[in-house]
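Here is the structure we will look at, set down as structure tokens.
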Amino acid sequence: MRKTIKGLVALLLLITIVLMVLVFDISSSVEVSSSAQLNNADTVQPLIDELKQSLRSRYESQQINVSAAQANSLAGFINRARSQADAHVTFNNDKVNIALSYEIQTGLFPLYLNIEALVHEGNALQIETVRVGDLKLPGGFALGLAESFTNAYTSSQVATKAIASVESVAVENSAMQVTLAPLDALLKEFKNIETGSSRADSRILKIRIAHYLRLLDGMYVANDSENAGLTSLSIYLHAVMQEAAALSQQSSAPLENEAAILALAIYAGSGRFTTIIGDLSFAIDNIPSASPKPVLANRQDLSLHFIYSAAIKLLSEKGVSIAVGEFKELMDRGKGGSGYSFIDLAADLSGAHFADLAVNTQRAKHLQQVMGSAANESLFMVSINDLDEGLNKTQFTEKYGGVDTPLYQNVVDDINLRISNLPISQ
């Protein structure tokens with residue numbers, strides 16, 4: 001019996017070693033420049049408009065058109081959000097080749113997970129093959145594995161319904177057209193996703209968010225005659241962080257801070273955050289909204305940048321929230337956009353930093369103390385003096401070159417230095 005068990009263990013160990021040798025590589029299979037990919041970020045707006053339309057028309061079939069420039073701009077966004085990841089999309093006749101390389105640090109030397117999927121046109125989502133390192137898998141089998149894993153991880157059927165929503169794929173002239181079935185069933189399934197925390201923890205967070213929403217809705221804010229009747233975001237942040245500090249005596253400071261920020265994102269930003277956070281109807285009857293929206297540095301857009309980035313950080317990760325802000329600015333360089341703005345990026349970075357401190361167990365109470373001391377923007381928002389904005393694509397390229405140049409990084413480093421000198425950072 002012992003020999004049998006030892007034999008099985010040895011066999012499993014051998015299989016594991018063989019799979020690791022086949023799956024992992026010592027070099028990346030994708031060699032791209034995220035800066036070059038992001039240079040076409042201004043082409044992505046039409047794709048976003050189509051996606052928005054598909055959400056608004058959730059009971060109807062929709063067609064989404066994706067060009068090579070758009071696909072690779074999104075691949076560049078992945079790299080900015082996850083520096084370990086590089087991706088590249090190639091359109092060839094009736095097929096689309098999607099290549100992804102992910103760097104894994106082992107302590108001695110990096111290993112790379114190189115994945116390549118070949119999608120061909122036809123009815124439904126049809127994957128011809130998937131290659132993971134030197135391991136080649138049939139497309140249907142690989143798609144089934146991904147579907148099962150995603151469903152299990154999210155405790156939902158979201159992957160199954162996402163795959164089923166693809167009615168057809170057509171490829172022509174470096175572009176792809178995807179026909180989607182009505183998305184209502186898929187969007188409803190997103191509400192069943194459970195990841196990271198337990199259902200009980202999620203429910204507690206929602207109850208706390210509802211509490212802060214009621215607090216915000218009941219606030220009396222005097223009109224600021226010097227600011228055209230608009231209210232500084234600092235007024236609202238001061239109030240919710242004071243409340244968070246009081247409740248943290250019998251609760252968790254990071255939990256209270258997270259709930260306060262998410263409530264403010266809903267109230268002073270957009271009620272659409274409830275779609276991601278989940279149903280709050282069991283805890284609050286109606287979702288209140290600030291009217292008009294508050295301001296930062298006398299600008300409503302900066303207030304939205306700050307609070308959106310803080311919320312995205314809490315709902316995802318800091319790298320993603322920063323990449324979202326940067327990508328949005330690169331999109332704005334195109335015709336009809338407001339131009340690249342380091343001022344907007346400063347608000348994005350400040351918001352992500354604020355949220356980072358808010359849920360840090362070592363810094364959460366300090367943040368409450370600083371924010372509770374006064375309603376003052378200089379406590380949490382950097383100075384925007386001497387920062388460029390309104391740069392079109394030509395102006396941005398002529399002055400900074402791209403997002404991976406020393407000139408560009410110097411500005412980002414300067415903004416981060418300003419953030420490190422904020423009172424909340426001390």
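Here's how to read the names in the structure tokens: chain A, B, ... by the order shown, residue numbers from 1 in each chain, ligand numbers from 1 in the order shown.
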
Would you pick out the contacts of segment 347-359 of chain A at 6 Å or less, using only C-alpha atoms, so that residues sharing its chain but fewer than 3 positions from it are not included, and give the list as a list in words?
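Contacts, in chain order: Pro254, Asn257, Leu302, His305, Phe306, Ile307, Ser309, Ala310, Lys313, Gly325, Asp344, Arg363, Ala364 and Met381 of chain A.
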
Store the residues picked out above, limited to C-alpha atoms, as a JSON list (two decimals), in the first residue's frame.
[["chain", "number", "residue", "atom", "x", "y", "z"],
["A", 254, "PRO", "CA", -10.78, 50.67, 7.25],
["A", 257, "ASN", "CA", -13.54, 54.61, 5.60],
["A", 302, "LEU", "CA", -11.59, 67.46, -10.71],
["A", 305, "HIS", "CA", -11.76, 62.55, -11.11],
["A", 306, "PHE", "CA", -10.78, 62.37, -7.45],
["A", 307, "ILE", "CA", -13.78, 60.49, -6.14],
["A", 309, "SER", "CA", -10.38, 57.15, -8.80],
["A", 310, "ALA", "CA", -10.79, 56.59, -5.05],
["A", 313, "LYS", "CA", -9.17, 51.83, -6.26],
["A", 325, "GLY", "CA", -7.25, 57.96, -15.45],
["A", 344, "ASP", "CA", -6.88, 65.64, -14.22],
["A", 363, "ARG", "CA", -3.03, 54.68, 8.40],
["A", 364, "ALA", "CA", -6.85, 54.57, 8.47],
["A", 381, "MET", "CA", -5.60, 67.33, -2.96]]

For the contact check between segment 124-197 of chain A and segment 275-286 of chain A, emit one row per residue of segment 124-197 of chain A within 10 Å, containing the shortest atom pair and the distance in Å rounded to one decimal, counting only C-alpha atoms, chain then rising number order, as a tab-separated table.
residue	atom	partner	partner_atom	distance
A:Leu187	CA	A:Thr275	CA	9.2
A:Lys188	CA	A:Thr275	CA	9.7
A:Phe190	CA	A:Ile276	CA	8.3
A:Lys191	CA	A:Gly278	CA	6.2
A:Asn192	CA	A:Gly278	CA	8.8
A:Ile193	CA	A:Gly278	CA	9.4

Give me, as a PyMOL selection string, all polymer residues having an atom no more than 6 Å from Ala124 of chain A, counting only C-alpha atoms and skipping those fewer than 3 positions away in the same chain.
chain A and resi 166-168

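Closest approach to Gln70 of chain A from the set A:Ala175, A:Leu264, A:Leu12, A:Ile115 is made by A:Ala175, with distances taken over only C-alpha atoms.
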
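Among A:Val403, A:Ala346, A:Ile424, A:Ile419, the residue with the shortest atom-to-atom distance to Gln369 of chain A, counting only C-alpha atoms, is A:Ile424.
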
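Using only C-alpha atoms for every distance, the candidate list A:Lys136, A:His211, A:Lys328, A:Lys399 yields A:Lys328 as the residue closest to Gln45 of chain A.
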
Using only C-alpha atoms, which protein or nucleic acid residues come within 9 Å of Ser35 of chain A? Drop anything in the same chain fewer than 5 positions from it, and give the result as a list of chain:residue names.
A:Gly76, A:Gly401, A:Gly402, A:Val403, A:Asp404, A:Thr405

Select from segment 39-145 of chain A everything DSSP, run on the backbone, classes as alpha helix (DSSP H), then give the selection as a ChimeraX atom specification.
/A:45-56,68-81,139-145

Residue set, segment 1-206 of chain A restricted to strand (DSSP E), as an MDAnalysis selection string
chainID A and resid 24:25 62:67 85:92 95:105 110:120 122:123 126:132 135:138 166:171 175:180

Write a file of the selected residues as a short mmCIF file (atom, residue, chain, number, x, y, z; two decimals), in the first residue's frame, keeping C-alpha atoms.
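For reference, selection_34.cif as written:
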data_model
loop_
_atom_site.label_atom_id
_atom_site.label_comp_id
_atom_site.auth_asym_id
_atom_site.auth_seq_id
_atom_site.Cartn_x
_atom_site.Cartn_y
_atom_site.Cartn_z
CA PHE A 24 6.34 28.43 -18.24
CA ASP A 25 9.03 30.08 -20.36
CA GLN A 62 -26.06 44.90 -30.72
CA GLN A 63 -23.02 45.05 -32.98
CA ILE A 64 -19.63 46.06 -31.57
CA ASN A 65 -16.86 47.04 -34.00
CA VAL A 66 -13.25 46.73 -32.86
CA SER A 67 -10.29 47.90 -34.97
CA ALA A 85 1.51 41.95 -18.46
CA ASP A 86 2.07 42.58 -22.18
CA ALA A 87 -0.56 41.88 -24.81
CA HIS A 88 -0.86 42.20 -28.58
CA VAL A 89 -3.75 41.60 -30.98
CA THR A 90 -3.26 40.73 -34.66
CA PHE A 91 -5.97 40.54 -37.32
CA ASN A 92 -5.23 38.13 -40.15
CA LYS A 95 -8.85 35.13 -37.67
CA VAL A 96 -7.77 37.16 -34.65
CA ASN A 97 -4.62 36.22 -32.76
CA ILE A 98 -4.53 37.34 -29.13
CA ALA A 99 -1.15 37.03 -27.40
CA LEU A 100 -0.54 37.68 -23.69
CA SER A 101 2.64 37.38 -21.68
CA TYR A 102 2.66 37.65 -17.88
CA GLU A 103 5.88 37.92 -15.87
CA ILE A 104 6.14 35.97 -12.61
CA GLN A 105 8.96 36.77 -10.20
CA PRO A 110 11.59 35.73 -13.90
CA LEU A 111 9.34 33.17 -15.53
CA TYR A 112 6.77 34.03 -18.17
CA LEU A 113 3.31 32.65 -18.73
CA ASN A 114 2.85 33.05 -22.48
CA ILE A 115 -0.69 32.53 -23.76
CA GLU A 116 -1.83 32.71 -27.36
CA ALA A 117 -5.43 32.25 -28.50
CA LEU A 118 -6.64 32.03 -32.10
CA VAL A 119 -10.24 33.19 -32.60
CA HIS A 120 -11.86 32.63 -35.99
CA GLY A 122 -18.28 32.35 -37.40
CA ASN A 123 -21.41 31.87 -35.36
CA GLN A 126 -15.17 30.02 -31.73
CA ILE A 127 -11.61 29.55 -30.51
CA GLU A 128 -9.46 27.38 -32.76
CA THR A 129 -6.52 26.76 -30.46
CA VAL A 130 -4.99 28.04 -27.25
CA ARG A 131 -1.28 27.72 -26.61
CA VAL A 132 0.07 28.05 -23.06
CA LEU A 135 1.26 23.24 -24.34
CA LYS A 136 -1.28 23.36 -27.17
CA LEU A 137 -4.95 22.92 -26.28
CA PRO A 138 -8.06 22.62 -28.45
CA VAL A 166 -21.71 36.30 -28.48
CA GLU A 167 -23.90 35.48 -31.48
CA SER A 168 -21.26 35.86 -34.20
CA VAL A 169 -17.77 37.15 -34.96
CA ALA A 170 -16.74 38.59 -38.33
CA VAL A 171 -13.17 39.63 -39.24
CA ALA A 175 -11.20 44.94 -37.81
CA MET A 176 -13.63 42.67 -36.03
CA GLN A 177 -17.39 42.92 -35.71
CA VAL A 178 -19.01 41.13 -32.79
CA THR A 179 -22.78 40.63 -32.75
CA LEU A 180 -24.13 40.41 -29.21
#

Please indicate the distance in Å from atom CA of Leu205 of chain A to atom CA of Ser291 of chain A, rounded to one decimal place.
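Interatomic distance here is 25.1 Å.
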
List the neighbours of Ala146 of chain A out to 12 Å using only C-alpha atoms; skip same-chain residues closer than 4 positions along the sequence, and give me the result as a count of residues only.
14

Might you pull out every residue within 9 Å of Leu38 of chain A, with only C-alpha atoms counted and same-chain residues fewer than 6 positions away left off, and present them as a ChimeraX atom specification?
/A:72-77,327,330-331,402-403

Output of the above residues as a compact mmCIF listing (two decimals), in the first residue's frame, restricted to C-alpha atoms:
# COMPACT_ATOMS: atom_id res chain seq x y z
CA ASN A 72 -3.96 47.24 -29.15
CA SER A 73 -4.67 50.50 -27.33
CA LEU A 74 -6.63 48.45 -24.79
CA ALA A 75 -3.69 46.03 -24.68
CA GLY A 76 -1.48 49.00 -23.82
CA PHE A 77 -3.90 49.91 -21.03
CA PHE A 327 -6.03 56.16 -20.49
CA LEU A 330 -4.88 59.87 -23.72
CA MET A 331 -8.33 59.38 -25.26
CA GLY A 402 4.91 59.25 -24.95
CA VAL A 403 4.00 57.77 -21.59

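Proximity to Val240 of chain A at 7 Å, evaluated using only C-alpha atoms and with sequence-adjacent residues fewer than 3 positions away removed, yields Tyr212, Tyr236, Leu237, Glu243, Ala244 and Ala260 of chain A.
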